[in-house]
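> Structure incoming, see below.
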Amino acid sequence: MQERQSTYWFVICSGCVLLRKDSDGTYSVPLSIDAPTPLKEWTTIQELPDIEGHPARAYAVSIPPADNEFVTVGLRESFTKLPFAFYNMAGKASELLFWDTNTRYCGVCGAPMKRSTIISKTCTNCGKEVWPQVAPAIIVRVRKAAVLDEQGQEVEPEQILLVNAKTFRRSEMYGLVAGFVETGETLEECVRRELKEETNLQVTNIRYFDSQAWPYPCGIMIGFTADYESGEIKLQEEELRRAGWFSRNNLPPIPDKLSIARKLIDNWLETQ
C-alpha cells in the first residue's frame, strides 16, 4: 500500500484562502495528510502542481471553520503573508475552482459536464470539451518627456499619466490605464483603444514590459510602456474620477507592491 503524503491544502472561501496562524505570528498554508476541514460528499478536490516537494490540492467551502487554529485571509492580502510561490498557487487554486463551478453544465446542450483531465471537462451528451479560460487585459504606463527651454534647461519635469478609477478599492489611489482585450484586436491595439477611450490621449513607442497572473477571478495583466504623442485629457466619466500628469516629486497614493501597476511605476521611479 502506498504511503499517504502530507499535502498542502488550499481551501478557498468566498474570495479568501484558509491559512494556519502559527505560534510565532506568521501564516502558512495547511500541510497535513487529511484535509483541514470536513469534506462533503459533493466536494470537488482540485489537483495542483506539487509545491516544495509536497502534493497540493484545493477545494472550496461556503463557511469558514470555527477553529482558532485557522483564519481566512483575502487572496490579495495573502500576498503579504505568504511566500510568493504559495500566494501564486492560492490564486491558481481560486481560478480553477471558479472554472469548475461555472462549467457544471454544457454551454451548447445543457447536459452535465464530466471531468476528463485535471484541467478539462467533456459534455456527457454532445462531447463538447472545455478548459479553464483566462481573460487577458493590458495595463500601460504612459510617459511624457521633460520640457526643455532653448538652453536645454528643464522647465517641466518628465511625468507619467495616472488615473483614479471608480473601481479602485481605495478611492484616493491613482493607478494606470488598464482594460480587457477585445475580440479581434492585438495587445498594442488594445493599448491605443483603452487610452483613447478613457483619456482621449494618443501614444507612440508601445513596448512590452512584463505580465502578471491576476486571479480576480481569472485574468492575466500584460504590462506595456508608451510615450505620449498628442491629445488633451478628457475623462471617460463612466470609469474614471480623475486623471493627470505626475512627476516623481508629486506622486499621489499609488497601488501596493502586489500589482504590476506598482512594478511599472517603481521601474519609472528607478530610471532617471
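Letters A, B, ... mark the chains of the C-alpha cells in the order given; residue numbers begin at 1 per chain; ligand numbers begin at 1, in order shown.
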With only C-alpha atoms as the counted atoms, please give the residues lying no more than 12 Å from Thr186 of chain A, apart from itself and same-chain residues fewer than 5 positions off, as a ChimeraX atom specification.

/A:136-138,180-181,191-193,222

> Would you mind listing what lies within 10 Å of Leu240 of chain A as a list of chain:residue names, with only C-alpha atoms counted and same-chain residues fewer than 4 positions away left out?

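Surrounding residues, per the criterion: A:Val163, A:Asn164, A:Ala165, A:Lys166, A:Thr167, A:Phe168, A:Val177, A:Glu198, A:Thr199, A:Leu235, A:Gln236.
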
> Given the selection you just returned, output its residues as a file containing C-alpha atoms, formatted as a PDB file, in the first residue's frame.


```
ATOM      1  CA  VAL A 163      -5.784  57.767 -13.236  1.00  0.00           C
ATOM      2  CA  ASN A 164      -8.218  57.398 -10.377  1.00  0.00           C
ATOM      3  CA  ALA A 165     -10.700  54.711 -11.433  1.00  0.00           C
ATOM      4  CA  LYS A 166     -14.106  54.223  -9.875  1.00  0.00           C
ATOM      5  CA  THR A 167     -13.362  50.505  -9.454  1.00  0.00           C
ATOM      6  CA  PHE A 168     -10.274  51.032  -7.282  1.00  0.00           C
ATOM      7  CA  VAL A 177      -4.926  52.855 -17.537  1.00  0.00           C
ATOM      8  CA  GLU A 198     -10.543  56.598 -21.171  1.00  0.00           C
ATOM      9  CA  THR A 199      -8.347  59.687 -21.525  1.00  0.00           C
ATOM     10  CA  LEU A 235     -12.138  61.563 -18.964  1.00  0.00           C
ATOM     11  CA  GLN A 236     -14.414  58.648 -19.683  1.00  0.00           C
TER      12      GLN A 236
END
```

> If you run DSSP on the backbone, which residues of segment 43-171 of chain A are helix (DSSP H, G or I), as an MDAnalysis selection string?

chainID A and resid 77:80 84:101

> Could you go through segment 37-126 of chain A and tell me which residues DSSP, when run on the backbone, assigns to strand (DSSP E), listing them as a ChimeraX atom specification?

/A:46-51,54-60,70-74,113-117,120-123

> Report, in Å to a single decimal, how far apart atom CA of Pro217 of chain A and atom CA of Thr124 of chain A are.

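For atom CA of Thr124 of chain A relative to atom CA of Pro217 of chain A, the distance reads 26.6 Å.
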
> Per residue of segment 64-173 of chain A within 6 Å of segment 244-262 of chain A, note the shortest atom pair and the distance in Å to one decimal, counting only C-alpha atoms, and order the rows by chain and increasing residue number, as CSV.


```
residue,atom,partner,partner_atom,distance
A:Gln159,CA,A:Ser247,CA,4.4
A:Ile160,CA,A:Trp245,CA,5.4
A:Leu161,CA,A:Trp245,CA,4.7
A:Leu162,CA,A:Gly244,CA,5.7
A:Met173,CA,A:Pro253,CA,4.9
```

> Residues within 8 Å of segment 10-22 of chain A, please, as a compact mmCIF listing (two decimals) with C-alpha atoms, in the first residue's frame. Count only C-alpha atoms; anything in the same chain fewer than 4 positions from it doesn't count.


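Written out: out.txt:
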```txt
# COMPACT_ATOMS: atom_id res chain seq x y z
CA THR A 26 3.32 34.02 10.83
CA TYR A 27 0.87 32.35 8.47
CA SER A 28 1.10 29.19 6.41
CA VAL A 29 -0.96 27.01 4.09
CA PRO A 30 -2.21 23.92 5.98
CA ALA A 56 -1.06 20.26 -3.41
CA ARG A 57 -4.85 20.14 -3.53
CA ALA A 58 -7.63 22.72 -3.47
CA TYR A 59 -11.29 22.76 -2.63
CA ALA A 60 -13.94 25.33 -1.76
CA VAL A 61 -16.04 25.76 1.36
CA SER A 62 -19.03 28.05 1.83
CA ILE A 63 -18.45 28.75 5.53
CA PRO A 64 -15.02 29.14 7.18
CA GLU A 69 -6.16 27.44 14.53
CA PHE A 70 -7.20 28.86 11.15
CA VAL A 71 -8.04 32.28 9.72
CA THR A 72 -9.41 33.31 6.34
CA VAL A 73 -7.38 35.92 4.50
CA GLY A 74 -8.34 37.69 1.27
CA LEU A 75 -6.41 36.46 -1.74
CA SER A 78 -2.30 36.82 1.35
CA ALA A 90 -3.57 30.14 -3.97
CA ALA A 93 -6.45 27.27 -6.91
CA SER A 94 -9.07 30.01 -6.82
```

> Find, counting only C-alpha atoms, the residue in A:Leu176, A:Tyr208, A:Ala66, A:Leu195 that gets nearest to Lys234 of chain A.

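Result for the nearest residue to Lys234 of chain A: A:Leu195.
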
> Under the rule that only C-alpha atoms are counted, which of A:Glu237, A:Asp227, A:Asp24, A:Asp100 is the nearest residue to Glu158 of chain A?

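Among the listed residues, A:Asp227 lies closest to Glu158 of chain A.
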
> Report the distance between atom CA of Leu97 of chain A and atom CA of Thr44 of chain A in Å, rounded to one decimal place.

8.5 Å

> Pick the closest to Glu197 of chain A from A:Ala178, A:Ile45, A:Ala85, A:Ile51: which is it, counting only C-alpha atoms?

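That would be A:Ala178, the residue with the smallest distance to Glu197 of chain A.
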